[in-house]
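First up is the structure itself, then whatever we jot down about it.
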Amino acid sequence: MSLFTMILKMSEGLGRTCAIFFLTILFALPLGMVVALLRMSKRKVVSAVTRFIISVLRGTPLMLQLLAVTYGPYYLFGFSVSRNKLVPVIIAFAINYAAYFAEIYRGGIESISKGQYEACEVLGYTKAQTFFKVILPQVVKRIMPSVTNEVVTLVKDTSMAFTVSYQEMFTIGKQIANSQTSFMPFIVAGVFYFVFNAIVDFVMGWFEKKLNYYH
Amino acid sequence: MKKFLTLILVAAMTLSLVACGSKKESKKFTMGIDPEYPPFSYMGDDGSYTGFDVEICKAVCEKLGYEFNVFEVNWDEKLVQLDANECDCVWAGMTILDSMKEAGYTLSAPYYSNTQVLLVKEDSGIASSADVAGKDVAVMLGTSGDELLNTDLKDLADTFNNVITCDSFLKCFTELGGGAVDAVFVDYPVAASYAKENAGYKIIDENYGAEEYGIAFRAADKELCAEIEKAVAELVADGTYAKIAEKYPDIIDNLVFLR
């Protein structure tokens, strides 16, 4: 197999890799905010339960979570396994990444001084107004570097979809490596991921600059 | 001193001659083996040849009262050496080829068979590989099944809707159980043991990538072949065969006589 066919074959899986990436971002970013707010809830029970869930999601490998989401319902309740593996893959990825994003959001929100909330109260802002107009814009700027970190990790984590036989780019690379007894597909995969992340880096850098309007 | 030694040597030689003469004439049976093909035939830790085929042949010779001998064939020329009477059979994990049949060699019934099969759900209505056309099939990455679907059985693979590669047999079977695929393409022994332990599955065996081992004899030795086959059948019947096979767990599931 020539290098060209190899790259062509692996590019077919690249679409699936991108699907995991973008859909995870799409669902995990807002879900993370919900989890963060629950985590900071004044109700002790809600906060404790959320904290426990986050610790489970962060404390177990994503690979196991993928297996649990894909095959768990079948083993536990006899539900059928999804033919379209993208569904369980996205569910597992979104939940896992939401847990990480939630903690990043919490760090950002808690870094805002109490004085700002008091000032908003004096100015007659409602709670929602305070959060969306004053707090959130500052939080977003502060957490950008940490979010970029997670997003870059996500690009590489997409390769884990192989555990549930989702035919993304790395899975195809592995198959080629196996049939050709060649290491080349792994090098190709490495280049793919690096280029992907270089783009992510650039885009996130651009965002950060855009948000830097007070400096 | 010298004289004494000579005397002893002469005595020893005479005795051994006498011993030769008095021994009952037993037929020699020379087994042609490939000494580098474990676990069928190889050199054991003690330096003598052993292996599944060797042990079975020894037991056969014992049963028939033959004197057991081993001849190490040159694998490329094994059949020439067989014709040259250097051995009485080639019995060493040898794949039966059509060319051997065409050349007229007497071949035993296969005793070892490694085939790929399709494992499907009993209620799936799939009865032959033709029914799998347009369906999803799982295969474990890097197994001979995976390789076959990419090479010799490419035509078959092309009739499938999708071939899904999993990284373990368990995942292949879970995909099947959970209804995400319609069949699993897998080695016979693996499929057989899974179907035995889990109800509701059946095996479709159409001899995909069949690899069958048998014993080759000279064209004229049809009687000898029948005699050996009969002796092996007796060993199977009295349990000796299974007992020997137990020592070779890697191949036991592929042994035709134990199925």
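Going through the structure tokens in order, the chains are called A, B, and so on, while each chain numbers its residues from 1 and the ligands are numbered from 1 in the order shown.
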Set the distance at 9 Å and use only C-alpha atoms: which residues neighbour Cys120 in chain A once local chain neighbours fewer than 6 positions away are removed? I'd like the list as a PyMOL selection string. chain A and resi 126-127+129-130+134
Okay, now the selection with C-alpha atoms, as an mmCIF file, in the first residue's frame?
data_model
loop_
_atom_site.group_PDB
_atom_site.id
_atom_site.type_symbol
_atom_site.label_atom_id
_atom_site.label_comp_id
_atom_site.auth_asym_id
_atom_site.auth_seq_id
_atom_site.Cartn_x
_atom_site.Cartn_y
_atom_site.Cartn_z
ATOM 1 C CA THR A 126 -31.183 40.739 39.176
ATOM 2 C CA LYS A 127 -29.286 37.527 39.861
ATOM 3 C CA GLN A 129 -28.384 39.868 35.011
ATOM 4 C CA THR A 130 -25.463 39.821 37.420
ATOM 5 C CA VAL A 134 -21.043 40.941 34.716
#
Neighbours of Thr50 in chain A within 10 Å (only C-alpha atoms; same-chain residues fewer than 2 positions away dropped), as an MDAnalysis selection string? chainID A and resid 35:41 44:48 52:56 99
Could you tell me which residues of chain B sit within 8 Å of chain A when counting only C-alpha atoms, and give me the result as a PyMOL selection string? chain B and resi 141-142+147+164-167+171+174-175+177-181
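A straight line drawn from CA of Val54 in chain B to CA of Glu77 in chain B is 19.8 Å long.
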Pull the helix (DSSP H, G or I) assignments for range 60-233 of chain B out of DSSP run on the backbone, and list those residues as a ChimeraX atom specification. /B:60-64,75-83,98-102,122-124,129-132,144-150,154-159,169-177,188-197,222-233
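Interatomic distance, CA of Thr115 in chain B against CA of Tyr194 in chain B: 15.6 Å.
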Just want the 6 Å neighbourhood of range 23-38 of chain B, counted on only C-alpha atoms, with same-chain residues fewer than 6 positions away dropped. Output as a PyMOL selection string. chain B and resi 66-73+87-92
